[in-house]
Structure formats: C-alpha cells, structure tokens
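**Q** Just one file: data-v1.txt, with compact mmCIF, C-alpha atoms.
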```txt
# COMPACT_ATOMS: atom_id res chain seq x y z
CA MET A 713 4.70 23.47 -33.89
CA LEU A 714 6.61 24.67 -30.83
CA ALA A 715 3.51 24.36 -28.62
CA LYS A 716 2.80 20.86 -29.85
CA GLU A 717 6.34 19.65 -29.28
CA MET A 718 6.47 21.32 -25.90
CA LEU A 719 3.20 19.68 -24.81
CA LYS A 720 4.24 16.31 -26.16
CA GLN A 721 7.59 16.27 -24.40
CA SER A 722 6.73 18.16 -21.23
CA LEU A 723 3.14 17.33 -20.25
CA PRO A 724 3.75 13.65 -19.43
CA LEU A 725 6.80 14.69 -17.48
CA VAL A 726 5.02 17.45 -15.55
CA LEU A 727 2.28 14.94 -14.69
CA LEU A 728 4.89 12.42 -13.62
CA CYS A 729 6.54 15.11 -11.51
CA GLY A 730 3.21 15.88 -9.91
CA ILE A 731 2.92 12.21 -9.01
CA GLY A 732 6.43 12.53 -7.59
CA GLY A 733 5.03 15.44 -5.57
CA LEU A 734 2.44 13.03 -4.21
CA PHE A 735 5.25 10.82 -2.90
CA THR A 736 6.93 13.83 -1.31
CA GLY A 737 3.60 14.90 0.20
CA ASN A 738 2.94 11.43 1.49
CA THR A 739 6.37 11.35 3.12
CA LEU A 740 5.56 14.67 4.80
CA GLY A 741 2.37 13.00 6.03
CA LEU A 742 4.45 10.22 7.58
CA MET A 743 6.63 12.79 9.32
CA ILE A 744 3.78 14.51 11.21
CA ASP A 745 4.90 13.12 14.61
CA LEU A 746 8.45 14.20 13.92
CA PHE A 747 7.27 17.75 13.08
CA GLU A 748 5.45 17.88 16.40
CA ARG A 749 8.48 16.61 18.33
CA ILE A 750 11.16 18.82 16.72
CA PRO A 751 10.10 22.49 16.65
CA GLY A 752 11.59 24.25 13.63
CA LEU A 753 11.74 21.13 11.46
CA LEU A 754 8.66 22.16 9.46
CA VAL A 755 10.31 25.56 8.95
CA ILE A 756 13.32 24.14 7.10
CA VAL A 757 11.36 21.81 4.79
CA PRO A 758 10.45 24.37 2.07
CA GLY A 759 13.92 25.91 2.22
CA ILE A 760 15.92 22.75 1.88
CA ILE A 761 13.68 21.36 -0.87
CA ALA A 762 13.80 24.65 -2.77
CA LEU A 763 17.56 24.90 -2.36
CA ARG A 764 18.03 21.48 -3.93
CA GLY A 765 15.62 22.25 -6.74
CA ASN A 766 17.20 25.64 -7.40
CA ILE A 767 20.77 24.47 -7.53
CA SER A 768 20.16 21.39 -9.64
CA THR A 769 17.66 22.95 -12.05
CA ALA A 770 20.03 25.90 -12.63
CA PHE A 771 22.74 23.29 -13.24
CA GLY A 772 20.48 21.44 -15.70
CA SER A 773 19.37 24.66 -17.36
CA ARG A 774 22.98 25.79 -17.88
CA LEU A 775 23.85 22.44 -19.41
CA GLY A 776 20.79 22.83 -21.66
CA SER A 777 22.05 26.16 -22.97
CA ALA A 778 25.58 24.76 -23.30
CA TYR A 779 24.05 22.06 -25.47
CA HIS A 780 22.20 24.59 -27.64
CA LEU A 781 25.41 26.60 -28.00
CA GLY A 782 27.32 23.46 -29.01
CA ILE A 783 29.70 23.52 -26.03
CA ILE A 784 28.72 20.05 -24.84
CA ASN A 785 26.99 17.16 -26.54
CA GLU A 786 26.64 13.43 -26.09
CA LYS A 787 30.07 12.75 -27.59
CA ASN A 788 31.85 15.51 -25.71
CA MET A 789 30.37 15.55 -22.23
CA TRP A 790 33.13 14.98 -19.69
CA ASN A 791 34.93 18.20 -20.41
CA ASN A 792 36.01 21.10 -18.23
CA GLU A 793 32.68 22.92 -18.64
CA LEU A 794 30.88 20.05 -16.95
CA LYS A 795 33.49 19.76 -14.20
CA GLN A 796 33.26 23.46 -13.37
CA ASN A 797 29.48 23.16 -13.22
CA VAL A 798 29.65 20.20 -10.84
CA LEU A 799 32.16 21.96 -8.60
CA GLY A 800 30.10 25.16 -8.57
CA SER A 801 26.89 23.31 -7.65
CA LEU A 802 28.53 21.43 -4.79
CA ALA A 803 30.18 24.55 -3.38
CA LEU A 804 26.84 26.37 -3.49
CA SER A 805 25.08 23.48 -1.71
CA MET A 806 27.54 23.53 1.13
CA LEU A 807 27.51 27.32 1.65
CA ILE A 808 23.74 27.74 1.42
CA SER A 809 23.06 24.80 3.77
CA ILE A 810 25.14 26.46 6.48
CA ILE A 811 23.39 29.83 5.99
CA MET A 812 19.95 28.19 6.03
CA GLY A 813 20.57 26.19 9.21
CA ILE A 814 21.57 29.30 11.12
CA LEU A 815 18.63 31.33 9.73
CA ALA A 816 16.10 28.62 10.58
CA TYR A 817 17.34 28.50 14.16
CA ILE A 818 17.32 32.28 14.64
CA THR A 819 13.85 32.82 13.12
CA THR A 820 12.30 29.96 15.09
CA VAL A 821 13.65 31.40 18.35
CA PHE A 822 12.46 34.87 17.29
CA PHE A 823 8.92 33.98 16.10
CA PHE A 824 7.95 31.20 18.48
CA HIS A 825 10.00 32.06 21.56
CA THR A 826 10.84 28.40 21.89
CA SER A 827 14.40 27.31 21.65
CA PRO A 828 14.89 24.26 19.45
CA ASN A 829 18.17 22.45 20.03
CA PRO A 830 20.45 24.38 17.64
CA VAL A 831 22.76 21.41 17.12
CA ILE A 832 19.88 19.19 15.98
CA LEU A 833 18.23 21.77 13.73
CA ILE A 834 21.37 23.19 12.08
CA GLY A 835 22.87 19.69 11.90
CA ILE A 836 19.82 18.35 10.06
CA VAL A 837 19.98 21.13 7.45
CA ILE A 838 23.70 20.77 6.80
CA ILE A 839 23.84 16.96 6.73
CA ALA A 840 20.65 16.57 4.68
CA GLY A 841 21.74 19.41 2.36
CA ILE A 842 25.16 17.97 1.63
CA ILE A 843 24.06 14.33 1.23
CA SER A 844 21.18 15.25 -1.09
CA GLY A 845 23.52 17.60 -2.97
CA LEU A 846 25.98 14.80 -3.68
CA ILE A 847 23.25 12.36 -4.76
CA LEU A 848 21.57 14.93 -6.99
CA THR A 849 24.71 16.12 -8.73
CA GLY A 850 25.39 12.54 -9.74
CA LEU A 851 21.80 12.12 -10.88
CA THR A 852 21.92 15.33 -12.93
CA ILE A 853 24.85 14.01 -14.93
CA ILE A 854 23.07 10.70 -15.55
CA ILE A 855 19.84 12.44 -16.63
CA ILE A 856 21.70 14.85 -18.93
CA TYR A 857 23.56 11.95 -20.48
CA LEU A 858 20.33 10.02 -21.14
CA VAL A 859 18.60 13.11 -22.54
CA PHE A 860 21.48 13.73 -24.96
CA LYS A 861 21.63 10.11 -25.97
CA ARG A 862 17.95 10.06 -26.89
CA GLY A 863 18.17 13.37 -28.72
CA TYR A 864 15.57 15.22 -26.66
CA ASP A 865 15.72 18.95 -26.04
CA PRO A 866 17.23 19.15 -22.52
CA ASP A 867 15.14 22.28 -21.78
CA ASN A 868 11.98 20.20 -21.82
CA ILE A 869 13.26 17.51 -19.52
CA THR A 870 16.04 18.37 -17.08
CA GLY A 871 14.27 21.07 -15.02
CA PRO A 872 11.17 19.10 -14.05
CA ALA A 873 12.94 15.75 -13.80
CA LEU A 874 15.56 17.15 -11.43
CA ALA A 875 13.14 19.20 -9.37
CA THR A 876 10.94 16.18 -8.75
CA VAL A 877 13.51 13.49 -8.14
CA GLY A 878 15.26 16.15 -6.07
CA ASP A 879 12.20 16.73 -3.87
CA ILE A 880 11.74 13.04 -3.14
CA ILE A 881 15.41 12.40 -2.42
CA THR A 882 15.71 15.56 -0.33
CA ILE A 883 12.66 14.85 1.81
CA PHE A 884 13.95 11.32 2.47
CA CYS A 885 17.32 12.79 3.42
CA ILE A 886 15.60 15.20 5.86
CA PHE A 887 13.49 12.34 7.25
CA ALA A 888 16.48 10.05 7.74
CA THR A 889 18.76 12.79 9.10
CA ALA A 890 16.07 13.99 11.54
CA LEU A 891 15.58 10.44 12.87
CA PHE A 892 19.34 10.01 13.09
CA MET A 893 19.92 13.30 14.94
CA GLU A 894 17.01 12.57 17.29
CA ALA A 895 18.48 9.16 18.10
CA ILE A 896 21.92 10.61 18.83
CA PHE A 897 20.94 13.65 20.93
CA MET B 384 32.49 29.48 -20.68
CA TYR B 385 31.83 28.31 -17.10
CA HIS B 386 34.00 28.54 -14.02
CA TRP B 387 32.92 27.25 -10.62
CA LYS B 388 33.77 30.52 -8.89
CA THR B 389 31.57 32.44 -11.34
CA ILE B 390 28.73 30.00 -10.71
CA VAL B 391 29.09 30.50 -6.95
CA ARG B 392 29.47 34.27 -7.27
CA TYR B 393 26.31 34.64 -9.37
CA GLY B 394 24.40 31.97 -7.51
CA LEU B 395 25.15 32.83 -3.90
CA PRO B 396 23.42 36.23 -3.50
CA LEU B 397 20.28 35.05 -5.29
CA LEU B 398 20.14 31.75 -3.40
CA THR B 399 20.65 33.53 -0.09
CA ILE B 400 17.63 35.72 -0.86
CA CYS B 401 15.70 32.59 -1.90
CA VAL B 402 16.59 30.89 1.38
CA LEU B 403 15.44 33.94 3.35
CA ILE B 404 12.09 33.83 1.55
CA GLU B 405 11.79 30.05 1.94
CA ILE B 406 12.44 30.34 5.68
CA PHE B 407 9.58 32.84 5.74
CA VAL B 408 7.44 30.27 3.87
CA GLY B 409 8.48 27.69 6.45
CA GLN B 410 7.38 30.03 9.23
CA LEU B 411 3.98 30.38 7.49
CA LEU B 412 3.66 26.59 7.61
CA GLN B 413 4.68 26.50 11.26
CA GLN B 414 2.04 29.17 12.03
CA GLN B 415 -0.60 26.88 10.50
CA ASP B 416 0.68 23.71 12.17
CA ASN B 417 -2.69 23.05 13.78
CA LEU B 418 -4.43 22.99 10.37
CA LEU B 419 -1.63 21.11 8.56
CA LEU B 420 -0.63 18.56 11.18
CA GLU B 421 -3.91 17.86 12.96
CA ARG B 422 -7.09 19.23 11.36
CA LEU B 423 -6.55 18.68 7.61
CA PRO B 424 -3.22 16.94 6.88
CA ILE B 425 -4.44 16.45 3.29
CA PHE B 426 -3.31 20.04 2.67
CA LEU B 427 0.16 19.22 4.02
CA ILE B 428 0.33 16.41 1.44
CA SER B 429 -0.91 18.82 -1.26
CA ILE B 430 1.83 21.41 -0.73
CA PRO B 431 4.68 19.58 -2.52
CA VAL B 432 2.33 18.79 -5.42
CA ILE B 433 1.15 22.40 -5.80
CA ASN B 434 4.70 23.72 -5.53
CA SER B 435 6.33 21.13 -7.75
CA VAL B 436 3.86 21.52 -10.62
CA GLY B 437 3.93 25.32 -10.44
CA GLY B 438 7.71 25.43 -10.21
CA ASN B 439 8.15 22.89 -13.02
CA ILE B 440 5.89 24.68 -15.46
CA GLY B 441 7.47 28.04 -14.67
CA SER B 442 10.95 26.55 -15.06
CA ILE B 443 10.16 24.84 -18.37
CA LEU B 444 8.81 28.14 -19.62
CA GLY B 445 11.91 29.93 -18.36
CA ALA B 446 14.31 27.38 -19.87
CA HIS B 447 12.58 27.70 -23.27
CA LEU B 448 12.73 31.48 -23.14
CA ALA B 449 16.39 31.39 -22.03
CA SER B 450 17.41 29.12 -24.89
CA GLY B 451 15.28 31.16 -27.30
CA LEU B 452 16.98 34.37 -26.21
CA HIS B 453 20.44 32.75 -26.44
CA ILE B 454 19.93 31.54 -30.01
CA GLY B 455 17.88 34.57 -31.06
CA SER B 456 14.52 32.91 -31.81
CA VAL B 457 12.83 34.94 -29.07
CA SER B 458 13.16 38.71 -29.15
CA LEU B 459 12.92 41.07 -26.20
CA THR B 460 9.35 42.29 -26.61
CA LEU B 461 6.13 41.34 -24.85
CA LYS B 462 4.57 41.04 -28.32
CA ASP B 463 6.91 38.21 -29.33
CA LYS B 464 4.83 35.46 -30.92
CA THR B 465 7.01 32.52 -29.87
CA MET B 466 7.00 33.77 -26.28
CA ARG B 467 3.20 34.08 -26.27
CA GLU B 468 2.75 30.63 -27.73
CA THR B 469 5.08 29.19 -25.08
CA VAL B 470 3.16 30.93 -22.28
CA LEU B 471 -0.21 29.70 -23.57
CA THR B 472 1.13 26.14 -23.73
CA ALA B 473 2.34 26.48 -20.14
CA LEU B 474 -1.12 27.59 -18.97
CA ILE B 475 -2.86 24.68 -20.73
CA MET B 476 -0.33 22.30 -19.24
CA GLY B 477 -0.99 23.72 -15.76
CA PHE B 478 -4.72 23.31 -15.97
CA ILE B 479 -4.59 19.69 -17.17
CA THR B 480 -1.97 18.73 -14.58
CA TYR B 481 -3.70 20.28 -11.58
CA SER B 482 -7.02 18.66 -12.52
CA PHE B 483 -5.49 15.18 -12.56
CA LEU B 484 -3.44 15.67 -9.44
CA ALA B 485 -6.22 17.15 -7.30
CA ILE B 486 -8.10 13.89 -7.79
CA GLY B 487 -4.88 11.95 -7.13
CA ILE B 488 -4.26 13.72 -3.81
CA TYR B 489 -7.82 13.07 -2.67
CA LEU B 490 -7.54 9.38 -3.51
CA LEU B 491 -4.18 9.20 -1.73
CA GLY B 492 -5.80 10.78 1.33
CA ILE B 493 -8.55 8.16 1.37
CA PHE B 494 -6.06 5.38 0.69
CA THR B 495 -3.68 6.34 3.52
CA GLY B 496 -6.54 6.84 5.95
CA ILE B 497 -5.63 10.35 7.16
CA ASN B 498 -8.19 12.70 8.69
CA MET B 499 -10.41 13.76 5.73
CA ASP B 500 -12.99 16.11 7.15
CA ILE B 501 -13.57 17.84 3.79
CA HIS B 502 -16.00 17.38 0.87
CA PHE B 503 -14.52 16.12 -2.42
CA LEU B 504 -15.75 19.08 -4.49
CA ASN B 505 -14.66 21.56 -1.88
CA PHE B 506 -11.14 20.10 -1.95
CA ILE B 507 -10.97 19.99 -5.78
CA GLY B 508 -12.21 23.59 -5.98
CA ILE B 509 -9.57 24.84 -3.53
CA LEU B 510 -6.76 22.99 -5.34
CA LEU B 511 -7.78 24.06 -8.87
CA ALA B 512 -8.24 27.69 -7.88
CA THR B 513 -4.83 27.68 -6.18
CA GLY B 514 -3.17 25.89 -9.10
CA PHE B 515 -4.59 28.00 -11.89
CA VAL B 516 -3.98 31.39 -10.29
CA LEU B 517 -0.49 30.16 -9.39
CA VAL B 518 0.41 29.14 -12.97
CA CYS B 519 -0.87 32.47 -14.34
CA LEU B 520 1.20 34.48 -11.86
CA LEU B 521 4.28 32.30 -12.39
CA SER B 522 4.11 32.67 -16.18
CA ILE B 523 4.18 36.44 -15.85
CA ILE B 524 7.09 36.23 -13.40
CA SER B 525 8.96 33.79 -15.66
CA VAL B 526 8.70 36.00 -18.76
CA LEU B 527 9.63 39.17 -16.90
CA THR B 528 12.60 37.53 -15.16
CA ALA B 529 13.94 35.98 -18.39
CA PHE B 530 13.62 39.25 -20.33
CA ILE B 531 14.99 41.55 -17.64
CA SER B 532 17.97 39.31 -16.82
CA PHE B 533 18.83 38.84 -20.50
CA LYS B 534 18.58 42.58 -21.14
CA ARG B 535 21.01 43.25 -18.28
CA GLY B 536 23.50 40.73 -19.62
CA ILE B 537 22.85 38.10 -16.94
CA ASP B 538 22.35 34.50 -18.09
CA PRO B 539 18.60 33.78 -17.64
CA ASP B 540 19.51 30.14 -16.94
CA ASP B 541 21.10 31.23 -13.66
CA VAL B 542 18.17 33.37 -12.61
CA VAL B 543 14.77 32.22 -13.88
CA SER B 544 14.53 28.84 -12.18
CA PRO B 545 15.39 30.02 -8.66
CA VAL B 546 13.17 33.08 -8.97
CA VAL B 547 10.21 31.11 -10.33
CA THR B 548 10.43 28.23 -7.85
CA THR B 549 10.88 30.59 -4.89
CA PHE B 550 7.95 32.76 -5.91
CA GLY B 551 6.08 29.55 -6.68
CA ASP B 552 6.61 28.17 -3.16
CA THR B 553 5.63 31.43 -1.50
CA LEU B 554 2.64 32.23 -3.71
CA GLY B 555 1.52 28.58 -3.77
CA ILE B 556 1.27 28.43 0.02
CA ILE B 557 -0.24 31.91 0.39
CA LEU B 558 -2.84 31.14 -2.34
CA LEU B 559 -3.59 27.76 -0.75
CA PHE B 560 -4.26 29.31 2.68
CA LEU B 561 -6.25 32.07 0.96
CA PHE B 562 -8.52 29.62 -0.89
CA ILE B 563 -8.83 27.38 2.19
CA GLY B 564 -10.16 30.51 3.88
CA VAL B 565 -12.51 31.25 0.96
CA GLY B 566 -13.69 27.63 1.18
CA GLY B 567 -14.66 28.36 4.78
CA LEU B 568 -12.30 25.87 6.45
```
Starting from the file, lay out its structure as structure tokens.
**A**
Amino acid sequence: MLAKEMLKQSLPLVLLCGIGGLFTGNTLGLMIDLFERIPGLLVIVPGIIALRGNISTAFGSRLGSAYHLGIINEKNMWNNELKQNVLGSLALSMLISIIMGILAYITTVFFFHTSPNPVILIGIVIIAGIISGLILTGLTIIIIYLVFKRGYDPDNITGPALATVGDIITIFCIFATALFMEAIF
Amino acid sequence: MYHWKTIVRYGLPLLTICVLIEIFVGQLLQQQDNLLLERLPIFLISIPVINSVGGNIGSILGAHLASGLHIGSVSLTLKDKTMRETVLTALIMGFITYSFLAIGIYLLGIFTGINMDIHFLNFIGILLATGFVLVCLLSIISVLTAFISFKRGIDPDDVVSPVVTTFGDTLGIILLFLFIGVGGL
C-alpha cells in the first residue's frame, strides 16, 4: 500500500530528476573550457550545488511536516510559519556562501599551490549562491502551493523536485556568474 | 513552531560541515581534472545524474521516515515493518532509475559529440555498479540519521536531507572513481 503509493508518486519524479541531472551534466560539459581557465571553479561546483539542494530540500521537508501536523495547508499558507522559513533559508544561503567562498580559495591554494584570483572565486560563490537562493526560495513556495492544491503528499514531491530544479538553476547561475566575473576582471 | 533564528542556529553548524565535505569532494574532482575534462568527459556529465538520483532517493526515504516518526506510524526500531517496506521501495526505485539514466547519459554523449573512448557495456556496468552500491549505502545512512536525530529530539527534517545528499555526493564520486578503476580506465 505504502510502497505502491510511494513508487507511483515518486518514481516518475525521480526519473524526471535524473533527466534534470542530464541537463546539469550537459551544462558542466559546456563549461569545460571555463574549468580549465579558472582554477578552483571545479572545486566549488559540488559545494554550491549541494548547498542549494540542502537548504531548499530542508525547507521543503519542514513544510511537509508542517502540513502533516496541520500547521499549514492550501487554505492557510501565507502565515508566519512560512515567513520564518523563508527568512531562515535566505539567511542560511548568505552565510554559507561566504564561508564556502573563503574555504574554496584557501584549499585550492593549499592543495594545488596555485593562487586563483580570490576576488573572482569568492565573488562567484557569493553572487551565484545568493541569486540562486532567491530564485529557489520563490520556486519552493510555488511548488509547495501546487502540491497542496493537487492534494499530493509533499514528502513524495518537494525534495526531489527542488533538488533537481535547484541543480539546473544553480549550475546556470555559476556558469553566468563565472562568465560575468571573467569579463569584468 | 518555526523561527528563522532557530532554523539558522540548527542549520548553520551542519551546513558548515557539509560545505567542508563538499569542498573536499570538489578537490577530488580537481585532482581528476585530466580524466574528467579531457580523457572521458562523459563521466563529468554523469556526476550530477549519479548524485541527484542518489540524493533524491535518500531524501524521499528520509522525508517519509521523518513524517512517519512525527505522526507515530514509524517506531524507533530497525525491525519496523513500515520502515523496511519504505527502504525496499527506495532500492527498487534506485535500480530502475539508474538503468534508464545510464543509457540516457550514453546517448547524450553520442549526441553532443564529446570524446567517447569507452565501450557501451563498460560504461553501463560502471554506472550501475556505482548507482546500486550508492543507493544501498544511502538507505542505511538515511534510516540511521532519521532514527538517531529523532531519538535525540532533533527534527529529522532538518538533518536527514543534508546528511544524505552530502554523503551521497562524496560516496557517489568516490564509488565512481573506484569503479572506473575496476573497469580498467
């Protein structure tokens, strides 16, 4: 019963997310020259993608539990619980992006004894992190709203949907920011 | 129930650890830049797919267990029937998804005309081995994380997703390099 419902609701979505992963992978493939030109850029890719996924899936997962506990539902969504969640996610994005930029720079200098331009590397992480954070928080709210409206169990949907859309949006943000920073400096 | 400061306070330490690990993952990628950027870029394209599917399945599993623990339908024992059924479903889902996507990645590689100096079966074997071992390990991690956090009074929703996706990224890439080695490439 549970297994059947879980397969029915989640399998198509996991497959779809995997196809989303193909887009992300393909974008990475397009960035090969950029990775060779900017040392340290490949280092931040897993971190920044994971950060986005972590923050927004935790956000989605909390809203899922809030739904099961009856705190929010499709008729009562725009309440303080949601606002606090949005604020918390955005604050986390900002803080972690700054930490990650600095760490990426230090470890690249330490492991490869090459010095990437710290302004470019740290700038890419922070700008890409914040822009993708803003886009994804908005998207989370839209996805949650649609899930509620259709009466699905949010636990089956929000995590994978957010992680995947998040990956694609984040990698595009990194791509665009890297090109932008390279053009400026 | 939620306050943004609480979300940041609980999220920040865990996410900082995640970022540290992800930077390490990024350094692993940078170490293998010759393989990923020049010799066999098809594996660079595969990485987001492997990680996204593994992370998604682990997170779905975690979200189900978290909601189950919150509403009391899952009890804190490794013999719990609902938990076992959920895990088995996750494993089946993983196997089906990785089979489809391995073929998809290969076709994408041919389609985009990247360097494909690898036999079809060799590639499929490496991807399926990586994917299946990954889903098995992530299921164990997901159950343990959900149970331990719930037992200690921490909301599993805050913890399981980041832990599973971070372990997923690390293990996914380590397993991929491992099986690429086994495949003699």
**Q** What is the distance between CA of Thr819 (chain A) and CA of Gln414 (chain B), in Å to one decimal?
**A**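 It comes out at 12.4 Å.
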**Q** Any idea what the distance is between CA of Thr549 (chain B) and CA of Phe892 (chain A)?
**A**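 So the answer is 28.6 Å.
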**Q** Considering all atoms listed in the file, give me a table of residues in chain B that are at most 7 Å from chain A, with the closest atom pair and distance in Å for each, as a tab-separated table.
**A**
```
residue	atom	partner	partner_atom	distance
B:Met384	CA	A:Glu793	CA	6.9
B:Tyr385	CA	A:Glu793	CA	5.7
B:His386	CA	A:Gln796	CA	5.2
B:Trp387	CA	A:Gly800	CA	4.1
B:Lys388	CA	A:Gly800	CA	6.5
B:Ile390	CA	A:Gly800	CA	5.5
B:Val391	CA	A:Gly800	CA	5.7
B:Leu395	CA	A:Leu804	CA	6.7
B:Thr399	CA	A:Ile808	CA	6.7
B:Val402	CA	A:Gly759	CA	5.7
B:Glu405	CA	A:Gly759	CA	4.7
B:Ile406	CA	A:Gly759	CA	5.8
B:Val408	CA	A:Pro758	CA	6.9
B:Gly409	CA	A:Val755	CA	3.8
B:Gln410	CA	A:Val755	CA	5.4
B:Leu412	CA	A:Val755	CA	6.9
B:Gln413	CA	A:Leu754	CA	6.2
B:Leu420	CA	A:Ile744	CA	6.0
B:Pro424	CA	A:Gly741	CA	6.9
B:Leu427	CA	A:Gly737	CA	6.7
B:Ile428	CA	A:Gly737	CA	3.8
B:Ser429	CA	A:Gly737	CA	6.2
B:Ile430	CA	A:Gly737	CA	6.8
B:Pro431	CA	A:Gly733	CA	5.2
B:Val432	CA	A:Gly733	CA	4.3
B:Ser435	CA	A:Gly733	CA	6.2
B:Val436	CA	A:Gly730	CA	5.7
B:Asn439	CA	A:Pro872	CA	5.0
B:Ser442	CA	A:Gly871	CA	6.4
B:Ile443	CA	A:Asn868	CA	6.1
B:Ala446	CA	A:Asp867	CA	5.5
B:His447	CA	A:Asp867	CA	6.2
B:Ser450	CA	A:Ser777	CA	5.8
B:Glu468	CA	A:Ala715	CA	6.4
B:Thr469	CA	A:Ala715	CA	6.2
B:Thr472	CA	A:Ala715	CA	5.7
B:Met476	CA	A:Leu723	CA	6.1
B:Thr480	CA	A:Leu727	CA	5.7
B:Leu484	CA	A:Gly730	CA	6.7
B:Ile488	CA	A:Leu734	CA	6.7
B:Asp540	CA	A:Ser773	CA	5.5
B:Asp541	CA	A:Ala770	CA	5.5
B:Ser544	CA	A:Ala770	CA	6.3
B:Pro545	CA	A:Asn766	CA	4.9
B:Thr549	CA	A:Ala762	CA	7.0
```
**Q** B:Leu474, B:Leu510, B:Leu418, B:Leu459: which is nearest Ser522 (chain B), counting only C-alpha atoms?
**A**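 Among the listed residues, B:Leu474 lies closest to Ser522 (chain B).
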**Q** Just give me the gap between CA of Val877 (chain A) and CA of Gly845 (chain A) in Å, one decimal is fine.
**A**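 Atom-to-atom, CA of Val877 (chain A) and CA of Gly845 (chain A) are spaced 12.0 Å apart.
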**Q** So, with only C-alpha atoms as the atoms that count, which of A:Lys720, A:Thr852, A:Tyr857, A:Ile750 lies closest to Ser827 (chain A)?
**A**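 Closest candidate: A:Ile750.
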**Q** My list of candidates is A:Ile881, A:Val831, A:Ile839, A:Leu891. Which is closest to Leu851 (chain A) when distances are computed with all atoms listed in the file?
**A**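 Of all the options, A:Ile881 lies closest to Leu851 (chain A).
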**Q** For each of B:Ala485, B:Leu554, B:Leu419, B:Ile493, take the minimum atom-to-atom distance to Ile404 (chain B), counting all atoms listed in the file, then give the residue where this is smallest.
**A** B:Leu554
**Q** Residues within 10 Å of Ile523 (chain B), please, as a list in words. Count only C-alpha atoms; anything in the same chain fewer than 6 positions from it doesn't count.
**A**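 My reading of the contact set: Gly441, Val470 and Val547 of chain B.
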**Q** With distances taken over all atoms listed in the file, which of B:Ile475, B:Asn498, B:Leu398, B:Leu461 is nearest to Glu421 (chain B)?
**A**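 Closest to Glu421 (chain B), using all atoms listed in the file: B:Asn498.
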